[in-house]
>>> print(open('final_15.cif').read())   # mmCIF, C-alpha atoms and all ligand atoms
data_start
loop_
_atom_site.label_atom_id
_atom_site.label_comp_id
_atom_site.auth_asym_id
_atom_site.auth_seq_id
_atom_site.Cartn_x
_atom_site.Cartn_y
_atom_site.Cartn_z
CA MET K 1 -5.22 39.67 16.75
CA LEU K 2 -7.33 36.56 17.14
CA ILE K 3 -5.88 33.08 17.38
CA SER K 4 -8.08 30.07 16.59
CA ILE K 5 -7.29 26.60 17.82
CA VAL K 6 -8.90 23.82 15.78
CA VAL K 7 -9.20 20.47 17.51
CA PRO K 8 -10.57 17.34 15.80
CA CYS K 9 -11.90 14.89 18.37
CA PHE K 10 -12.97 11.31 17.89
CA ASN K 11 -13.79 9.32 21.02
CA GLU K 12 -11.66 11.48 23.28
CA GLU K 13 -13.82 11.46 26.42
CA GLU K 14 -10.92 10.36 28.59
CA ILE K 15 -8.77 13.31 27.82
CA ILE K 16 -10.82 16.17 26.43
CA ASP K 17 -11.37 17.94 29.75
CA ARG K 18 -7.71 17.77 30.57
CA PHE K 19 -6.84 18.97 27.11
CA HIS K 20 -9.13 21.96 27.43
CA GLU K 21 -7.75 22.89 30.82
CA HIS K 22 -4.21 22.58 29.59
CA VAL K 23 -4.69 24.48 26.36
CA THR K 24 -6.63 27.38 27.88
CA LYS K 25 -3.96 27.77 30.53
CA GLU K 26 -1.31 28.06 27.84
CA LEU K 27 -3.41 30.40 25.71
CA ALA K 28 -4.06 32.72 28.64
CA LEU K 29 -0.29 33.16 28.97
CA LEU K 30 -0.06 34.46 25.41
CA GLY K 31 -1.98 37.61 26.16
CA GLN K 32 -3.80 37.41 22.84
CA GLU K 33 -7.43 36.92 22.06
CA TYR K 34 -8.27 33.37 21.19
CA GLU K 35 -11.07 30.99 20.33
CA LEU K 36 -11.31 27.21 20.37
CA VAL K 37 -13.10 25.25 17.67
CA TYR K 38 -13.71 21.63 18.62
CA VAL K 39 -14.92 19.27 15.97
CA ASP K 40 -16.54 16.09 17.24
CA ASP K 41 -16.04 13.61 14.44
CA GLY K 42 -19.05 11.42 15.22
CA SER K 43 -17.72 10.04 18.50
CA HIS K 44 -19.54 7.08 20.02
CA ASP K 45 -18.64 8.05 23.56
CA ARG K 46 -19.39 11.10 25.72
CA THR K 47 -17.13 13.47 23.80
CA LEU K 48 -20.03 15.59 22.56
CA ALA K 49 -21.62 15.90 25.99
CA LEU K 50 -18.28 16.97 27.42
CA LEU K 51 -17.79 19.50 24.63
CA GLU K 52 -21.24 20.94 25.29
CA ALA K 53 -20.34 21.34 28.93
CA ILE K 54 -17.02 22.94 28.07
CA ALA K 55 -18.72 25.36 25.66
CA ALA K 56 -21.36 26.25 28.22
CA ALA K 57 -18.66 27.18 30.72
CA ASP K 58 -16.30 28.93 28.33
CA SER K 59 -17.70 31.45 25.86
CA ARG K 60 -14.59 31.31 23.70
CA THR K 61 -15.31 27.70 22.83
CA ARG K 62 -17.34 26.52 19.88
CA TYR K 63 -18.03 23.00 18.77
CA VAL K 64 -19.27 21.33 15.63
CA SER K 65 -20.51 17.78 15.85
CA PHE K 66 -20.79 15.50 12.83
CA SER K 67 -23.64 13.12 12.13
CA ARG K 68 -21.16 10.26 11.95
CA ASN K 69 -17.42 9.62 11.74
CA PHE K 70 -16.19 11.37 8.60
CA GLY K 71 -12.48 11.14 9.36
CA LYS K 72 -9.89 13.55 10.62
CA GLU K 73 -9.50 15.26 7.26
CA ALA K 74 -13.16 16.27 7.23
CA ALA K 75 -12.95 17.31 10.87
CA MET K 76 -10.01 19.58 10.15
CA LEU K 77 -11.80 21.05 7.17
CA ALA K 78 -14.86 21.87 9.28
CA GLY K 79 -12.62 23.39 11.93
CA LEU K 80 -10.85 25.60 9.43
CA GLN K 81 -14.15 26.71 7.96
CA HIS K 82 -15.42 27.74 11.37
CA ALA K 83 -12.20 29.36 12.54
CA GLY K 84 -12.21 33.13 12.32
CA GLY K 85 -8.71 33.82 13.59
CA ASP K 86 -5.87 35.71 11.94
CA ALA K 87 -3.77 32.71 12.79
CA VAL K 88 -5.16 29.19 13.11
CA VAL K 89 -3.45 26.34 14.94
CA ILE K 90 -4.54 22.75 14.30
CA MET K 91 -3.98 20.45 17.22
CA ASP K 92 -4.82 16.88 18.27
CA ALA K 93 -7.01 16.42 21.31
CA ASP K 94 -4.80 13.75 22.86
CA LEU K 95 -2.09 16.14 24.13
CA GLN K 96 0.43 14.60 21.77
CA HIS K 97 0.73 18.10 20.35
CA PRO K 98 2.03 20.04 23.34
CA PRO K 99 0.02 23.27 23.78
CA GLU K 100 3.20 24.94 25.09
CA LEU K 101 4.46 25.08 21.53
CA VAL K 102 1.73 27.49 20.42
CA HIS K 103 3.78 30.23 22.00
CA ARG K 104 6.75 29.44 19.80
CA MET K 105 4.55 29.10 16.72
CA LEU K 106 3.08 32.50 17.36
CA ARG K 107 6.50 34.11 17.65
CA LEU K 108 7.45 32.70 14.26
CA TYR K 109 4.11 33.82 12.81
CA GLU K 110 4.85 37.32 14.03
CA GLU K 111 8.20 37.12 12.27
CA GLY K 112 6.23 36.76 9.05
CA PHE K 113 5.82 33.04 8.45
CA ASP K 114 2.54 31.80 6.99
CA GLN K 115 2.93 28.18 7.98
CA VAL K 116 4.72 27.19 11.13
CA ILE K 117 5.11 23.43 11.29
CA ALA K 118 5.94 21.50 14.43
CA ARG K 119 7.75 18.37 13.31
CA ARG K 120 7.86 15.49 15.71
CA THR K 121 10.78 13.22 16.24
CA ARG K 122 10.05 9.50 16.09
CA LYS K 123 11.24 8.89 19.61
CA GLY K 124 9.18 6.20 21.32
CA ASP K 125 7.81 4.82 18.07
CA ARG K 126 8.23 1.18 17.28
CA VAL K 127 11.21 0.42 15.04
CA THR K 128 8.98 -1.17 12.40
CA ARG K 129 6.92 1.99 12.16
CA THR K 130 10.01 4.19 11.91
CA VAL K 131 11.50 2.06 9.16
CA THR K 132 8.29 1.84 7.13
CA ALA K 133 7.82 5.58 7.49
CA ARG K 134 11.30 6.24 6.21
CA ALA K 135 10.79 3.92 3.22
CA TYR K 136 7.42 5.44 2.48
CA TYR K 137 8.67 9.01 2.44
CA TRP K 138 11.61 8.03 0.29
CA LEU K 139 9.21 6.53 -2.23
CA ILE K 140 6.52 9.15 -2.12
CA ASN K 141 8.90 12.05 -2.61
CA ARG K 142 10.00 10.44 -5.84
CA LEU K 143 6.44 10.14 -7.04
CA VAL K 144 4.50 13.22 -5.99
CA ASP K 145 5.13 16.84 -6.88
CA VAL K 146 4.87 18.34 -3.42
CA GLU K 147 7.52 17.63 -0.83
CA LEU K 148 6.38 15.52 2.10
CA VAL K 149 8.55 15.23 5.16
CA ASP K 150 8.51 12.47 7.77
CA GLY K 151 7.21 13.59 11.14
CA VAL K 152 5.43 16.57 9.67
CA GLY K 153 1.77 16.18 10.43
CA ASP K 154 -1.19 18.39 11.00
CA PHE K 155 0.20 20.19 14.04
CA ARG K 156 0.85 23.61 12.59
CA LEU K 157 -0.04 27.25 12.59
CA LEU K 158 -1.57 28.71 9.45
CA SER K 159 -1.95 32.36 8.58
CA ARG K 160 -5.28 33.67 7.40
CA ARG K 161 -4.31 33.67 3.75
CA THR K 162 -3.03 30.11 4.00
CA VAL K 163 -6.29 28.95 5.53
CA ASP K 164 -8.26 30.69 2.80
CA ALA K 165 -6.09 29.09 0.16
CA ILE K 166 -6.67 25.64 1.66
CA LEU K 167 -10.41 26.20 1.85
CA GLY K 168 -10.30 27.14 -1.81
CA LEU K 169 -9.13 23.64 -2.69
CA SER K 170 -12.37 21.83 -3.14
CA GLU K 171 -11.34 18.25 -3.73
CA TYR K 172 -13.29 15.52 -2.06
CA ASN K 173 -10.29 13.33 -1.34
CA ARG K 174 -8.34 15.44 1.08
CA PHE K 175 -4.79 14.49 1.90
CA SER K 176 -3.94 17.41 4.17
CA LYS K 177 -0.24 16.79 4.40
CA GLY K 178 -0.09 17.28 0.67
CA LEU K 179 -2.61 20.12 0.52
CA PHE K 180 -0.66 22.14 3.06
CA ALA K 181 2.55 21.55 1.15
CA TRP K 182 0.86 22.38 -2.13
CA VAL K 183 -0.37 25.74 -0.88
CA GLY K 184 3.12 26.84 0.08
CA PHE K 185 3.71 30.43 1.29
CA ARG K 186 6.53 31.18 3.71
CA THR K 187 6.96 28.02 5.70
CA THR K 188 9.19 27.16 8.61
CA THR K 189 9.62 23.99 10.65
CA PHE K 190 10.85 23.28 14.13
CA GLU K 191 11.23 19.98 15.93
CA TYR K 192 9.71 18.81 19.14
CA GLU K 193 10.06 15.64 21.11
CA ASN K 194 7.30 13.15 20.43
CA ALA K 195 5.01 12.60 23.39
CA VAL K 196 3.38 9.24 23.92
CA ARG K 197 -0.42 9.30 23.96
CA GLU K 198 -1.48 9.51 27.59
CA GLN K 199 -5.04 8.28 27.45
CA GLY K 200 -7.28 6.55 24.99
CA ARG K 201 -5.73 4.84 22.03
CA SER K 202 -4.57 5.80 18.59
CA LYS K 203 -7.24 5.51 15.93
CA TRP K 204 -4.72 4.42 13.35
CA SER K 205 -4.75 0.74 12.62
CA PHE K 206 -2.24 -0.75 10.22
CA GLY K 207 -4.88 -0.98 7.50
CA LYS K 208 -5.85 2.67 7.92
CA LEU K 209 -2.22 3.71 7.67
CA LEU K 210 -1.77 1.66 4.52
CA ASN K 211 -4.79 3.29 2.88
CA TYR K 212 -3.63 6.70 3.99
CA GLY K 213 -0.27 6.05 2.41
CA LEU K 214 -1.91 5.03 -0.85
CA ASP K 215 -4.02 8.18 -0.78
CA GLY K 216 -0.88 10.24 -0.54
CA LEU K 217 0.60 8.48 -3.53
CA LEU K 218 -2.44 8.91 -5.70
CA SER K 219 -3.78 12.31 -4.68
CA PHE K 220 -1.29 14.57 -6.31
CA ASN K 221 -0.54 13.63 -9.87
CA ASN K 222 -0.74 10.86 -12.36
CA LYS K 223 2.80 9.57 -12.01
CA PRO K 224 1.60 6.13 -10.90
CA LEU K 225 -0.30 5.90 -14.18
CA ARG K 226 2.82 6.96 -16.00
CA ALA K 227 4.77 4.32 -14.07
CA ALA K 228 2.23 1.72 -15.16
CA VAL K 229 2.84 2.63 -18.78
CA TYR K 230 6.61 2.30 -18.39
CA ILE K 231 6.40 -0.98 -16.54
CA GLY K 232 4.12 -2.30 -19.26
CA LEU K 233 6.54 -1.24 -21.98
CA LEU K 234 9.48 -2.72 -20.12
CA LEU K 235 7.75 -6.06 -19.66
CA LEU K 236 6.66 -6.08 -23.26
CA SER K 237 10.20 -5.57 -24.51
CA VAL K 238 11.57 -8.26 -22.18
CA ALA K 239 8.91 -10.66 -23.45
CA MET K 240 9.70 -9.80 -27.08
CA ALA K 241 13.40 -10.33 -26.55
CA TYR K 242 12.72 -13.66 -24.87
CA ALA K 243 10.43 -14.72 -27.71
CA VAL K 244 13.09 -13.94 -30.27
CA TRP K 245 15.64 -15.89 -28.26
CA ILE K 246 13.34 -18.93 -27.88
CA VAL K 247 12.57 -18.99 -31.58
CA GLY K 248 16.28 -18.70 -32.33
CA VAL K 249 17.10 -21.62 -30.04
CA ALA K 250 14.33 -23.72 -31.64
CA LEU K 251 15.67 -23.00 -35.08
CA VAL K 252 19.22 -23.99 -34.12
CA ASN K 253 18.38 -27.06 -32.01
CA GLY K 254 15.38 -28.34 -33.90
CA VAL K 255 11.88 -27.95 -32.43
CA ASP K 256 12.46 -29.28 -28.93
CA THR K 257 11.42 -26.28 -26.76
CA PRO K 258 10.64 -27.38 -23.21
CA GLY K 259 9.29 -24.56 -21.13
CA TYR K 260 6.19 -25.44 -19.27
CA VAL K 261 7.39 -23.70 -16.11
CA THR K 262 8.65 -20.65 -17.97
CA LEU K 263 5.31 -20.35 -19.64
CA LEU K 264 3.36 -20.64 -16.45
CA VAL K 265 5.51 -18.18 -14.54
CA THR K 266 5.37 -15.67 -17.36
CA VAL K 267 1.62 -15.84 -17.70
CA VAL K 268 1.03 -15.53 -13.98
CA ALA K 269 3.54 -12.69 -13.61
CA LEU K 270 1.99 -10.77 -16.47
CA ALA K 271 -1.48 -11.32 -15.10
CA GLY K 272 -0.29 -9.95 -11.77
CA VAL K 273 1.23 -6.89 -13.35
CA GLN K 274 -1.95 -6.28 -15.30
CA MET K 275 -4.05 -6.52 -12.18
CA VAL K 276 -1.87 -3.98 -10.42
CA MET K 277 -2.10 -1.58 -13.33
CA LEU K 278 -5.81 -2.07 -13.62
CA GLY K 279 -5.96 -1.28 -9.92
CA VAL K 280 -4.02 1.93 -10.41
CA VAL K 281 -6.34 3.01 -13.20
CA GLY K 282 -9.32 1.98 -11.10
CA GLU K 283 -8.10 4.10 -8.21
CA TYR K 284 -8.11 7.18 -10.39
CA VAL K 285 -11.49 6.37 -11.86
CA GLY K 286 -12.81 5.83 -8.35
CA ARG K 287 -11.49 9.19 -7.32
CA ILE K 288 -13.17 10.87 -10.26
CA TYR K 289 -16.38 9.11 -9.28
CA TYR K 290 -16.21 10.59 -5.79
CA GLU K 291 -15.30 14.03 -7.08
CA VAL K 292 -18.17 14.25 -9.57
CA LYS K 293 -20.75 13.27 -6.98
CA ARG K 294 -19.98 16.51 -5.13
CA ARG K 295 -21.20 15.24 -1.85
CA PRO K 296 -20.51 17.42 1.16
CA HIS K 297 -17.40 16.51 3.15
CA TYR K 298 -19.40 16.14 6.33
CA LEU K 299 -22.85 16.65 7.84
CA VAL K 300 -23.34 18.61 11.01
CA ALA K 301 -25.69 17.16 13.61
CA ALA K 302 -25.16 19.63 16.45
CA THR K 303 -23.24 22.85 16.90
CA ASN K 304 -23.22 26.08 18.85
CA ALA K 305 -21.36 27.86 16.10
CA GLY K 306 -23.95 28.49 13.41
CA PRO K 307 -23.20 27.91 9.75
CA PRO K 308 -19.55 28.11 8.78
CA PRO K 309 -18.55 31.70 8.07
CA ARG K 310 -16.07 30.49 5.51
CA GLN K 311 -17.74 28.08 3.18
CA GLN K 312 -15.64 26.31 0.71
CA HIS K 313 -16.02 27.38 -2.87
CA ARG K 314 -17.52 24.47 -4.76
CA THR K 315 -17.96 25.57 -8.31
N1 LIG C 1 -9.45 11.94 14.88
C1 LIG C 1 -10.62 12.37 14.26
N2 LIG C 1 -11.30 11.49 13.46
C2 LIG C 1 -10.87 10.22 13.23
C3 LIG C 1 -9.66 9.80 13.83
C4 LIG C 1 -8.98 10.68 14.65
O1 LIG C 1 -11.03 13.51 14.43
O2 LIG C 1 -11.53 9.49 12.50
C5 LIG C 1 -8.70 12.87 15.76
C6 LIG C 1 -8.39 12.33 17.14
O3 LIG C 1 -9.43 12.58 18.04
C7 LIG C 1 -7.13 13.09 17.51
C8 LIG C 1 -6.45 13.27 16.17
O4 LIG C 1 -7.45 13.11 15.18
O5 LIG C 1 -7.43 14.37 18.07
C9 LIG C 1 -5.31 12.30 15.96
O6 LIG C 1 -5.77 10.98 16.14
P1 LIG C 1 -4.88 9.85 16.84
O7 LIG C 1 -4.30 10.38 18.11
O8 LIG C 1 -5.73 8.65 16.95
O9 LIG C 1 -3.75 9.64 15.76
P2 LIG C 1 -2.17 9.49 16.01
O10 LIG C 1 -1.77 10.53 17.02
O11 LIG C 1 -1.96 8.11 16.50
O12 LIG C 1 -1.58 9.75 14.67
MG MG C 2 -2.48 10.90 18.72
#
>>> encode(input="final_15.cif", output="structure tokens")
Amino acid sequence: MLISIVVPCFNEEEIIDRFHEHVTKELALLGQEYELVYVDDGSHDRTLALLEAIAAADSRTRYVSFSRNFGKEAAMLAGLQHAGGDAVVIMDADLQHPPELVHRMLRLYEEGFDQVIARRTRKGDRVTRTVTARAYYWLINRLVDVELVDGVGDFRLLSRRTVDAILGLSEYNRFSKGLFAWVGFRTTTFEYENAVREQGRSKWSFGKLLNYGLDGLLSFNNKPLRAAVYIGLLLLSVAMAYAVWIVGVALVNGVDTPGYVTLLVTVVALAGVQMVMLGVVGEYVGRIYYEVKRRPHYLVAATNAGPPPRQQHRT
């Protein structure tokens, strides 16, 4: 049995050597064959040079380096395409995903699970982040079809058939959390204590997180569009009722109908609602635009791995 470890790396020069040392030590303990697939996501630092050195010293290591930063989703996709293992583990390069847990994942895989998810606790996170995360997951699980769980990220083991299923999903906008959940198969989750990033810094700014959250909302179905329709209908009926009431009052009291402020607020509020709905529609149109262009998810600038053995089906 072959185990593949897929590692997306973006500007990880400070920690990549330590990561490699740590992970190979753990893998050696497993007594299974393994390979490492590093994906350099267009780093601006020495990550690629370090990966080349690692690969030169360790024949079980392959790397794929992108022509620019394409994002972690693309990096994971490339890693999965290049991974040949019967079981594939996706792992961050910053040691926030403890390599010790691969052992436990493998045991569960051997018990017959196709997806083994390591779910992190939110220990050590800022309160604001914990609270927003909780609110977000509450909301998103009411809107999308797949179930998304807080703390469940990309740290997981996938069986061969799960990987193949994921590679068969050809969408351009890839929201992995959702794709993994969509694929299904026998899934199990265990918890581990969150580790604080030791070196380098998180690549997630607030803005990036916000966009990521919006992606999750919009990637899976058209419920936001549906919601827009309902909100529109609701507002329309409120406005109609109000109109009837105003006319009634005018008829009873004569024609004195003050209401400059009411008018202004109503117009502005409606304009706002319309903008939001237009935005929602625009988001979907934008997505279609990206999908129909059929651009590749990433471009490879350097690799020691050859072309991906498992190309995605793009038909
Ligand atoms: N990463 C990547 N491309 C990016 C951003 C991040 O490949 O554009 C990698 C990064 O090198 C790391 C993993 O994705 O291995 C998780 O990133 P990070 O630690 O910044 O995220 P966090 O742990 O804060 O969620
Ligand atoms: Mg991290």
>>> closest_residue(input="final_15.cif", among="K:Arg161, K:Lys223, K:Val127, K:Thr187", to="K:Arg142", atoms="all atoms listed in the file")
K:Lys223
>>> atom_distance(input="final_15.cif", atom1="atom CA of K:Ile166", atom2="atom CA of K:Tyr192")
24.9 Å
>>> closest_residue(input="final_15.cif", among="K:Val144, K:Leu77, K:Ala305, K:Cys9", to="ligand MG 2 (chain C)", atoms="all atoms listed in the file")
K:Cys9
>>> atom_distance(input="final_15.cif", atom1="atom CA of K:Arg126", atom2="atom CA of K:Gly207")
16.5 Å
>>> residues_around(input="final_15.cif", residues="stretch 89-99 of chain K", least_positions_apart="5", cutoff="10 Å", atoms="only C-alpha atoms", output="VMD selection string")
chain K and resid 3 to 20 22 to 27 36 to 39 72 76 79 to 80 83 104 to 106 115 to 120 153 to 159 192 to 202
>>> residues_around(input="final_15.cif", residues="stretch 269-284 of chain K", least_positions_apart="3", cutoff="8 Å", atoms="only C-alpha atoms", output="PyMOL selection string")
chain K and resi 218+224-225+228+265-266+287-288
>>> residues_around(input="final_15.cif", residues="K:Ser65", least_positions_apart="3", cutoff="6 Å", atoms="all atoms listed in the file", output="PDB file with C-alpha atoms, in the frame of the given file")
ATOM      1  CA  VAL K  39     -14.920  19.270  15.970  1.00  0.00           C
ATOM      2  CA  ASP K  40     -16.540  16.090  17.240  1.00  0.00           C
ATOM      3  CA  VAL K 300     -23.340  18.610  11.010  1.00  0.00           C
ATOM      4  CA  ALA K 301     -25.690  17.160  13.610  1.00  0.00           C
ATOM      5  CA  ALA K 302     -25.160  19.630  16.450  1.00  0.00           C
ATOM      6  CA  THR K 303     -23.240  22.850  16.900  1.00  0.00           C
TER       7      THR K 303
END
>>> atom_distance(input="final_15.cif", atom1="atom CA of K:Thr188", atom2="atom CA of K:Ser176")
16.9 Å
>>> closest_residue(input="final_15.cif", among="K:Gln81, K:Gln32, K:Ser205, K:Asn221", to="ligand LIG 1 (chain C)", atoms="all atoms listed in the file")
K:Ser205
>>> closest_residue(input="final_15.cif", among="K:Phe206, K:Phe175, K:Trp138, K:Phe190", to="K:Thr121", atoms="all atoms listed in the file")
K:Phe190
>>> residues_around(input="final_15.cif", residues="K:Gly85", least_positions_apart="6", cutoff="8 Å", atoms="all atoms listed in the file", output="MDAnalysis selection string")
chainID K and resid 1:4 34:35 160
>>> closest_residue(input="final_15.cif", among="K:Tyr63, K:Tyr260, K:Phe220, K:Tyr212", to="K:Glu147", atoms="all atoms listed in the file")
K:Phe220
>>> residues_near_point(input="final_15.cif", point="(9.1, 9.9, 8.5)", cutoff="10 Å", atoms="all atoms listed in the file", output="tab-separated table (two decimals) with C-alpha atoms, keeping the file's coordinate frame")
chain	number	residue	atom	x	y	z
K	119	ARG	CA	7.75	18.37	13.31
K	120	ARG	CA	7.86	15.49	15.71
K	121	THR	CA	10.78	13.22	16.24
K	122	ARG	CA	10.05	9.50	16.09
K	129	ARG	CA	6.92	1.99	12.16
K	130	THR	CA	10.01	4.19	11.91
K	131	VAL	CA	11.50	2.06	9.16
K	132	THR	CA	8.29	1.84	7.13
K	133	ALA	CA	7.82	5.58	7.49
K	134	ARG	CA	11.30	6.24	6.21
K	135	ALA	CA	10.79	3.92	3.22
K	136	TYR	CA	7.42	5.44	2.48
K	137	TYR	CA	8.67	9.01	2.44
K	138	TRP	CA	11.61	8.03	0.29
K	148	LEU	CA	6.38	15.52	2.10
K	149	VAL	CA	8.55	15.23	5.16
K	150	ASP	CA	8.51	12.47	7.77
K	151	GLY	CA	7.21	13.59	11.14
K	152	VAL	CA	5.43	16.57	9.67
K	153	GLY	CA	1.77	16.18	10.43
>>> closest_residue(input="final_15.cif", among="K:Ala56, K:Ala74, K:Leu233, K:Leu263", to="ligand LIG 1 (chain C)", atoms="all atoms listed in the file")
K:Ala74
